[in-house]
Structure formats: C-alpha cells, structure tokens
2 protein chains.
Amino acid sequence: MGVDLMTVSTARSTAEEALLDAAERVLVDAGHAGVTTRRLAEEAGVNHGLVHYYFGSVENLLVRTLERFTERLISRQRELYAADLPFLEKWRTAMRYLVSDDSAYEKIWLELQALAWNRPELREHLAAVHAEWRAVLMDAFAEPREHYGIEMPLEALVSLVMTFNEGIMLDRLSGITEGHQQLLDWVERRLAS
Amino acid sequence: MGVDLMTVSTARSTAEEALLDAAERVLVDAGHAGVTTRRLAEEAGVNHGLVHYYFGSVENLLVRTLERFTERLISRQRELYAADLPFLEKWRTAMRYLVSDDSAYEKIWLELQALAWNRPELREHLAAVHAEWRAVLMDAFAEPREHYGIEMPLEALVSLVMTFNEGIMLDRLSGITEGHQQLLDWVERRLAS
DNA sequence: GTCTGACTTAGACATTCGACTAAGACTCCG
DNA sequence: CGGAGTCTTAGTCGAATGTCTAAGTCAGAC
C-alpha cells in the first residue's frame with residue numbers, strides 16, 4: 001500500500017473537488033466548449049495529467065460535474081420549500097434567486113443542459129433532476145393552489161411554473177429581461193390579495 | 001472585372017446559401033461546437049477555403065446564420081398571427097409547432113442562443129428577434145385577452161406565454177415532455193369554453 | 001535503510017482546428 | 001484569340017486539443 005489511506009483520499013478528493021470547482025468556473029466564464037484538460041488544470045492549480053488520471057476523460061469529469069451540481073440544485077429547492085414559512089415568502093425567495101444579479105448558478109445549469117443536447121448519455125441525469133424538481137413543486141404547490149383558489153390542475157400549474165422559470169433563466173442569460181418584472185409583479189399581486 | 005456579375009453573384013450566393021444551410025444542419029446534428037470550416041465545407045459540398053474567402057471567419061458565418069434564421073423566425077411568427085383565422089386556430093397552430101416531433105427549428109434557435117451566452121457580440125441580434133417576437137404577440141393577444149376576460153395585464157400575459165414557450169422548447173431538447181400536455185390541454189379548455 | 005507501490009509530473013503523440021497563401025482555372029472584354 | 005482579373009483549389013502554418021506514458025517522488029512497510 002505505502003501511503004496512509006486517509007491522507008491519500010483527502011488529498012485526492014481535494015484535488016478532485018478543485019477540478020470540479022474549476023469546471024463550474026470555466027462553464028460560467030467560457031461555456032462548455034472552453035472546458036479543456038489544460039484549462040481545468042490551470043484553474044484548479046493541478047497538473048493537467050490528473051484530469052485523465054482521476055476521471056479517465058474530460059467527458060467523465062463533466063458527468064461528475066453534472067451529478068454534483070444536480071445534488072446541490074435539488075437540495076436547494078427542497079430546503080427552500082421545506083422551510084416553515086408562509087408560501088408567499090417561499091415564492092418570493094425563489095423569484096429573488098431567479099432574477100438575482102448573479103447568474104452563475106443558472107449559467108452552469110444551462111451550459112450543462114446545452115451540453116446534454118449533443119450528448120445523449122447525459123440526458124438521464126437531466127431527466128432525474130427535472131423529475132425531482134417537479135416532485136418538490138408538486139408537493140409545495142398542492143396546498144397553496146387550494147388556498148388561492150387556482151382553478152387549473154396541479155400538474156398544469158407546476159408545469160407552467162417550471163417552464164416559465166426556465167424561460168426567464170434562458171432570457172436572462174442572453175441579457176433579456178423585458179417583461180419579466182411585470183409578470184412577477186402580477187403573480188405577486190395575485191398572491192398578496 | 002472579367003466575370004458576368006449575374007453569373008458570379010448567383011454562383012457565389014448559391015455557395016453561400018449552401019454553407020449557411022450546412023451550418024444549420026451541423027447545429028442540429030452536433031451543436032455549435034461542431035461548426036468547423038472543414039465540416040461546413042464537407043456538408044455544403046464546397047472547398048473549405050471558401051468559408052474564409054466568403055465570410056472572413058467562422059464567427060462571421062455564424063453571425064450570418066443567426067441573421068438569416070432570425071428573419072425566418074420572425075416572418076413565421078408574423079404570418080401565423082396575421083392570418084385571418086379565429087385566435088384559437090392560431091394558438092393551436094403555434095402549439096402544434098412547439099410540440100412537433102421535428103425539433104430541428106428549436107435546436108438551431110437554442111444552439112444559437114447558447115453560442116451567444118459566450119459571444120456578447122451576438123446578443124444584440126437575439127435581443128432584436130426577442131423584441132420583434134414580443135411585438136407580434138402583443139399585437140396578437142390584445143384582442144383575445146379582452147375576449148376571454150383574462151385579468152392579467154397584456155405585458156405580463158405576453159411574458160408568460162413567451163417564457164413558458166421557451167421553457168417547453170428547452171425541456172424538449174433534453175428529451176423532457178412531462179407535464180407539457182396537461183398544461184396545453186388546460187389552456188385549450190380555458191380558450192374553448 | 002531500503003524497498004514497494006501508488007501518486008505526480010512533464011512531456012510526447014497524433015489529430016484537428018482557424019487562418020492564410022500561392023498557384024491554377026475560368027469567364028468575359030477587347 | 002489573348003489578356004486581365006476574379007474565383008477556386010489544395011496545401012501549409014502554428015496553435016491547441018485529448019490521451020497516454022515513462023520517469024520521478026514520496027510516505028510508510030519490513
């Protein structure tokens with residue numbers, strides 16, 4: 001064996017985490033086309049050979065990036081709606097995230113999606129996180145739907161919320177914000193009344 | 001001079017069109033990262049040096065691709081809503097496009113958007129087409145909004161329609177269709193009653 | 001103290017890329 | 001029919017890519 005397992009695994013996982021963090025930064029700064037072994041290594045401050053040694057390929061590293069990001073995205077959503085707060089507060093928090101000035105999170109998420117458009121093997125991960133997100137929202141919106149007397153079926157309501165959220169993300173990444181605030185304001189008024 | 005202008009310009013523009021067509025095919029088949037001079041030339045059946053000779057760079061060719069696509073997208077929307085048909089028919093046609101089996105159109109559109117996320121010089125084109133689309137919908141939805149007694153302001157309604165359309169496109173490119181039909185069915189019922 | 005085996009490093013490899021160029025082909029004008 | 005100028009072609013160039021390998025390092029085992 002030769003090397004203390006604990007030391008090894010922490011050193012190794014530190015480097016691996018550094019590379020995954022670097023991958024997210026590169027996705028934000030340059031998009032998925034900018035994710036190369038050498039750039040990742042430089043960003044992470046490690047040797048470029050490690051990408052292959054640790055992950056086997058750039059492809060695998062991106063899969064791991066997606067998996068790790070997925071976990072965080074889901075837990076963020078779950079925490080948000082699981083909180084013991086009035087629904088209106090939760091909604092406001094979610095919408096604040098959506099239109100926040102820092103779009104790094106959304107950039108990573110959409111870059112990974114754009115990558116998956118041309119890499120079918122990544123799609124199952126996307127489908128999984130989508131299904132989880134949907135489940136969280138189905139749970140979170142069931143009671144408020146009754147409370148606010150929203151006539152549309154729960155499935156349709158959740159689909160509407162998810163898709164218009166995605167549309168807003170997409171617009172904002174292209175620098176488009178026109179009309180978003182009017183829409184969110186109307187929802188706000190509808191919920192506050 | 002040397003060459004008949006008409007012959008030249010048609011021959012040249014034939015080749016240029018072929019390259020732009022090729023760019024759209026490559027965007028559909030491989031994404032924007034797959035758009036290379038040699039691949040474009042092979043797809044278009046022309047010499048790979050022509051990309052540089054005609055367009056100056058791959059970058060410029062993609063700008064032209066975006067411009068040409070934009071024109072078609074806008075005129076398609078305009079024609080759709082300008083037709084002398086009941087609003088419900090127009091809506092159904094638009095939704096049929098949205099969830100059609102052939103997503104080549106949406107793939108091109110979203111690949112160009114993903115490209116623009118990392119090429120600020122392309123954003124103005126996106127903003128322009130977005131504004132045009134918005135203008136068409138503002139015009140198309142003003143009367144039906146009154147007719148169907150939709151209480152939300154026109155701006156908010158149009159934003160909602162645009163963003164949830166974008167969200168559905170985005171989902172479908174990742175192979176996700178869950179919940180879309182329930183949402184569209186509900187809208188359908190709301191409009192048919 | 002030296003051996004062992006996993007970890008790390010720098011570098012090599014073939015490939016591919018965008019961009020460019022020099023030579024050839026072609027078309028029309030005079 | 002010959003010259004002029006544009007269009008087309010094949011090929012070159014340096015840079016960058018993913019992958020892999022051989023040499024080197026280093027902590028603990030014996």
# chains A, B, ... in the order shown; residues from 1 in each chain; ligands from 1
$ closest_atom_pairs --of "chain C" --to "chain B" --cutoff "9 Å" --atoms "only C-alpha atoms (C1' of nucleotides)" --output "CSV"
residue,atom,partner,partner_atom,distance
C:DC17,C1',B:Thr36,CA,7.7
C:DG18,C1',B:Thr37,CA,7.6
C:DA19,C1',B:His52,CA,7.6
C:DC20,C1',B:His52,CA,8.9
C:DC26,C1',B:Val3,CA,8.9
C:DT27,C1',B:Val3,CA,5.1
C:DC28,C1',B:Gly2,CA,4.9
C:DC29,C1',B:Gly2,CA,6.9
$ closest_residue --among "A:Leu73, A:Ile108, A:Val158, A:Val35" --to "chain B" --atoms "only C-alpha atoms"
A:Val158
$ select_by_dssp --residues "stretch 32-84 of chain A" --states "helix (DSSP H, G or I)" --output "PDB file with C-alpha atoms, in the first residue's frame"
ATOM      1  CA  HIS A  32     -18.817  24.068 -22.145  1.00  0.00           C
ATOM      2  CA  ALA A  33     -16.635  24.417 -25.240  1.00  0.00           C
ATOM      3  CA  GLY A  34     -13.972  26.014 -23.050  1.00  0.00           C
ATOM      4  CA  THR A  37      -7.865  19.450 -19.653  1.00  0.00           C
ATOM      5  CA  ARG A  38      -5.250  22.157 -19.555  1.00  0.00           C
ATOM      6  CA  ARG A  39      -7.624  24.953 -18.675  1.00  0.00           C
ATOM      7  CA  LEU A  40      -9.231  22.921 -15.918  1.00  0.00           C
ATOM      8  CA  ALA A  41      -5.820  22.036 -14.529  1.00  0.00           C
ATOM      9  CA  GLU A  42      -4.670  25.634 -14.619  1.00  0.00           C
ATOM     10  CA  GLU A  43      -7.854  26.859 -12.905  1.00  0.00           C
ATOM     11  CA  ALA A  44      -7.568  24.170 -10.264  1.00  0.00           C
ATOM     12  CA  GLY A  49      -2.427  14.847 -16.455  1.00  0.00           C
ATOM     13  CA  LEU A  50      -4.557  14.439 -13.347  1.00  0.00           C
ATOM     14  CA  VAL A  51      -7.750  15.023 -15.277  1.00  0.00           C
ATOM     15  CA  HIS A  52      -7.164  11.804 -17.118  1.00  0.00           C
ATOM     16  CA  TYR A  53      -5.731  10.022 -14.081  1.00  0.00           C
ATOM     17  CA  TYR A  54      -8.624  10.888 -11.785  1.00  0.00           C
ATOM     18  CA  PHE A  55     -11.570  10.988 -14.148  1.00  0.00           C
ATOM     19  CA  VAL A  58     -12.939  15.170 -19.825  1.00  0.00           C
ATOM     20  CA  GLU A  59     -16.301  13.614 -20.613  1.00  0.00           C
ATOM     21  CA  ASN A  60     -16.381  11.760 -17.302  1.00  0.00           C
ATOM     22  CA  LEU A  61     -15.341  14.861 -15.434  1.00  0.00           C
ATOM     23  CA  LEU A  62     -18.308  16.691 -16.926  1.00  0.00           C
ATOM     24  CA  VAL A  63     -20.625  13.875 -15.929  1.00  0.00           C
ATOM     25  CA  ARG A  64     -19.335  14.178 -12.380  1.00  0.00           C
ATOM     26  CA  THR A  65     -19.791  17.937 -12.560  1.00  0.00           C
ATOM     27  CA  LEU A  66     -23.390  17.421 -13.579  1.00  0.00           C
ATOM     28  CA  GLU A  67     -24.003  14.884 -10.828  1.00  0.00           C
ATOM     29  CA  ARG A  68     -22.553  17.117  -8.147  1.00  0.00           C
ATOM     30  CA  PHE A  69     -24.408  20.169  -9.411  1.00  0.00           C
ATOM     31  CA  THR A  70     -27.645  18.226  -9.591  1.00  0.00           C
ATOM     32  CA  GLU A  71     -27.408  17.245  -5.938  1.00  0.00           C
ATOM     33  CA  ARG A  72     -26.921  20.835  -4.887  1.00  0.00           C
ATOM     34  CA  LEU A  73     -29.715  22.108  -7.093  1.00  0.00           C
ATOM     35  CA  ILE A  74     -32.180  19.618  -5.709  1.00  0.00           C
ATOM     36  CA  SER A  75     -31.263  20.169  -2.105  1.00  0.00           C
ATOM     37  CA  ARG A  76     -31.513  23.916  -2.575  1.00  0.00           C
ATOM     38  CA  GLN A  77     -35.030  23.560  -3.954  1.00  0.00           C
ATOM     39  CA  ARG A  78     -36.006  21.107  -1.258  1.00  0.00           C
ATOM     40  CA  GLU A  79     -34.724  23.319   1.548  1.00  0.00           C
ATOM     41  CA  LEU A  80     -36.455  26.334   0.116  1.00  0.00           C
ATOM     42  CA  TYR A  81     -39.903  24.808   0.025  1.00  0.00           C
ATOM     43  CA  ALA A  82     -39.492  22.653   3.134  1.00  0.00           C
TER      44      ALA A  82
END
$ residues_around --residues "stretch 101-104 of chain A" --least-positions-apart "4" --cutoff "9 Å" --atoms "only C-alpha atoms (C1' of nucleotides)" --output "PyMOL selection string"
chain A and resi 24-25+27-29+97+108-109+169+172-173
$ write_last_selection --atoms "N, CA and C atoms" --output "CSV table (one decimal), in the first residue's frame"
chain,number,residue,atom,x,y,z
A,24,GLU,N,-16.9,24.2,-13.0
A,24,GLU,CA,-18.0,25.1,-12.9
A,24,GLU,C,-17.6,26.5,-13.3
A,25,ARG,N,-16.4,26.9,-12.8
A,25,ARG,CA,-16.0,28.3,-13.1
A,25,ARG,C,-15.8,28.5,-14.6
A,27,LEU,N,-17.3,26.8,-17.0
A,27,LEU,CA,-18.6,26.8,-17.6
A,27,LEU,C,-19.2,28.2,-17.6
A,28,VAL,N,-19.0,28.9,-16.4
A,28,VAL,CA,-19.5,30.2,-16.3
A,28,VAL,C,-18.8,31.2,-17.2
A,29,ASP,N,-17.5,31.1,-17.2
A,29,ASP,CA,-16.7,32.1,-17.9
A,29,ASP,C,-16.6,31.8,-19.4
A,97,TYR,N,-34.0,34.6,-6.2
A,97,TYR,CA,-33.0,33.8,-6.8
A,97,TYR,C,-33.0,33.9,-8.4
A,108,ILE,N,-24.3,27.7,-15.2
A,108,ILE,CA,-23.8,26.4,-15.1
A,108,ILE,C,-24.9,25.4,-15.5
A,109,TRP,N,-26.1,25.6,-15.0
A,109,TRP,CA,-27.2,24.7,-15.2
A,109,TRP,C,-27.5,24.6,-16.7
A,169,MET,N,-34.9,32.2,-17.1
A,169,MET,CA,-33.4,31.9,-17.0
A,169,MET,C,-32.8,32.0,-18.4
A,172,ARG,N,-32.6,35.7,-19.5
A,172,ARG,CA,-31.6,36.4,-18.8
A,172,ARG,C,-30.2,36.1,-19.2
A,173,LEU,N,-29.9,34.9,-19.5
A,173,LEU,CA,-28.5,34.6,-20.0
A,173,LEU,C,-28.2,35.3,-21.3
$ interface_residues --of "chain A" --to "chain B" --cutoff "9 Å" --atoms "only C-alpha atoms" --output "JSON, numbers by chain"
{"A": [28, 29, 30, 31, 32, 33, 107, 110, 111, 113, 114, 115, 116, 117, 118, 120, 123, 124, 126, 127, 130, 131, 152, 153, 155, 156, 157, 158, 159, 160, 161, 162, 163, 164, 165, 166, 167, 168, 169, 170, 171, 173, 174, 175, 176, 178, 179, 180, 181, 182, 183, 184, 185, 186, 187]}
$ interface_residues --of "chain D" --to "chain A" --cutoff "10 Å" --atoms "only C-alpha atoms (C1' of nucleotides)" --output "mmCIF file with N, CA and C atoms (P, O5', C5', C4', C3', O3' and C1' of nucleotides), in the first residue's frame"
data_model
loop_
_atom_site.group_PDB
_atom_site.id
_atom_site.type_symbol
_atom_site.label_atom_id
_atom_site.label_comp_id
_atom_site.auth_asym_id
_atom_site.auth_seq_id
_atom_site.Cartn_x
_atom_site.Cartn_y
_atom_site.Cartn_z
ATOM 1 P P DA D 16 -2.314 28.500 -28.265
ATOM 2 O "O5'" DA D 16 -3.335 27.287 -28.103
ATOM 3 C "C5'" DA D 16 -4.555 27.308 -28.831
ATOM 4 C "C4'" DA D 16 -5.151 25.922 -28.831
ATOM 5 C "C3'" DA D 16 -5.081 25.203 -27.477
ATOM 6 O "O3'" DA D 16 -6.385 24.857 -27.074
ATOM 7 C "C1'" DA D 16 -4.349 23.796 -29.241
ATOM 8 P P DT D 17 -6.669 24.248 -25.652
ATOM 9 O "O5'" DT D 17 -7.051 22.761 -25.970
ATOM 10 C "C5'" DT D 17 -8.140 22.509 -26.878
ATOM 11 C "C4'" DT D 17 -8.079 21.081 -27.354
ATOM 12 C "C3'" DT D 17 -7.893 20.057 -26.241
ATOM 13 O "O3'" DT D 17 -9.142 19.763 -25.656
ATOM 14 C "C1'" DT D 17 -6.620 19.508 -28.209
ATOM 15 P P DG D 18 -9.159 18.972 -24.261
ATOM 16 O "O5'" DG D 18 -8.989 17.440 -24.690
ATOM 17 C "C5'" DG D 18 -9.944 16.867 -25.574
ATOM 18 C "C4'" DG D 18 -9.596 15.408 -25.814
ATOM 19 C "C3'" DG D 18 -9.523 14.562 -24.546
ATOM 20 O "O3'" DG D 18 -10.032 13.256 -24.831
ATOM 21 C "C1'" DG D 18 -7.389 14.619 -25.595
ATOM 22 P P DT D 19 -10.111 12.228 -23.619
ATOM 23 O "O5'" DT D 19 -8.751 11.420 -23.799
ATOM 24 C "C5'" DT D 19 -8.453 10.825 -25.063
ATOM 25 C "C4'" DT D 19 -7.039 10.287 -25.073
ATOM 26 C "C3'" DT D 19 -6.695 9.337 -23.926
ATOM 27 O "O3'" DT D 19 -6.477 8.047 -24.469
ATOM 28 C "C1'" DT D 19 -4.922 10.883 -24.375
ATOM 29 P P DC D 20 -6.322 6.773 -23.497
ATOM 30 O "O5'" DC D 20 -4.743 6.652 -23.329
ATOM 31 C "C5'" DC D 20 -3.945 6.621 -24.506
ATOM 32 C "C4'" DC D 20 -2.492 6.912 -24.175
ATOM 33 C "C3'" DC D 20 -1.903 6.043 -23.055
ATOM 34 O "O3'" DC D 20 -0.866 5.260 -23.609
ATOM 35 C "C1'" DC D 20 -1.245 8.318 -22.856
ATOM 36 P P DC D 26 9.603 14.582 -3.069
ATOM 37 O "O5'" DC D 26 8.590 13.912 -2.049
ATOM 38 C "C5'" DC D 26 7.269 13.594 -2.468
ATOM 39 C "C4'" DC D 26 6.766 12.372 -1.721
ATOM 40 C "C3'" DC D 26 7.430 12.157 -0.351
ATOM 41 O "O3'" DC D 26 6.442 12.142 0.650
ATOM 42 C "C1'" DC D 26 7.327 10.143 -1.572
ATOM 43 P P DA D 27 6.883 12.491 2.199
ATOM 44 O "O5'" DA D 27 5.866 11.546 2.984
ATOM 45 C "C5'" DA D 27 4.551 11.414 2.489
ATOM 46 C "C4'" DA D 27 4.013 10.016 2.786
ATOM 47 C "C3'" DA D 27 4.308 9.533 4.210
ATOM 48 O "O3'" DA D 27 3.168 8.911 4.747
ATOM 49 C "C1'" DA D 27 5.236 8.016 2.638
ATOM 50 P P DG D 28 3.106 8.670 6.349
ATOM 51 O "O5'" DG D 28 3.423 7.117 6.436
ATOM 52 C "C5'" DG D 28 2.376 6.185 6.246
ATOM 53 C "C4'" DG D 28 2.950 4.893 5.686
ATOM 54 C "C3'" DG D 28 3.367 3.855 6.743
ATOM 55 O "O3'" DG D 28 2.642 2.671 6.514
ATOM 56 C "C1'" DG D 28 5.013 4.105 5.069
ATOM 57 P P DA D 29 2.749 1.464 7.553
ATOM 58 O "O5'" DA D 29 3.592 0.386 6.732
ATOM 59 C "C5'" DA D 29 3.027 -0.168 5.526
ATOM 60 C "C4'" DA D 29 3.923 -1.300 5.016
ATOM 61 C "C3'" DA D 29 4.242 -2.363 6.073
ATOM 62 O "O3'" DA D 29 4.295 -3.639 5.415
ATOM 63 C "C1'" DA D 29 6.262 -1.277 5.413
#
$ atom_distance --atom1 "atom CA of A:Arg92" --atom2 "atom CA of A:Glu188"
8.2 Å
$ atom_distance --atom1 "atom CA of B:Tyr148" --atom2 "atom CA of B:Ala135"
20.2 Å
$ atom_distance --atom1 "atom CA of A:Glu143" --atom2 "atom CA of A:Phe87"
9.1 Å
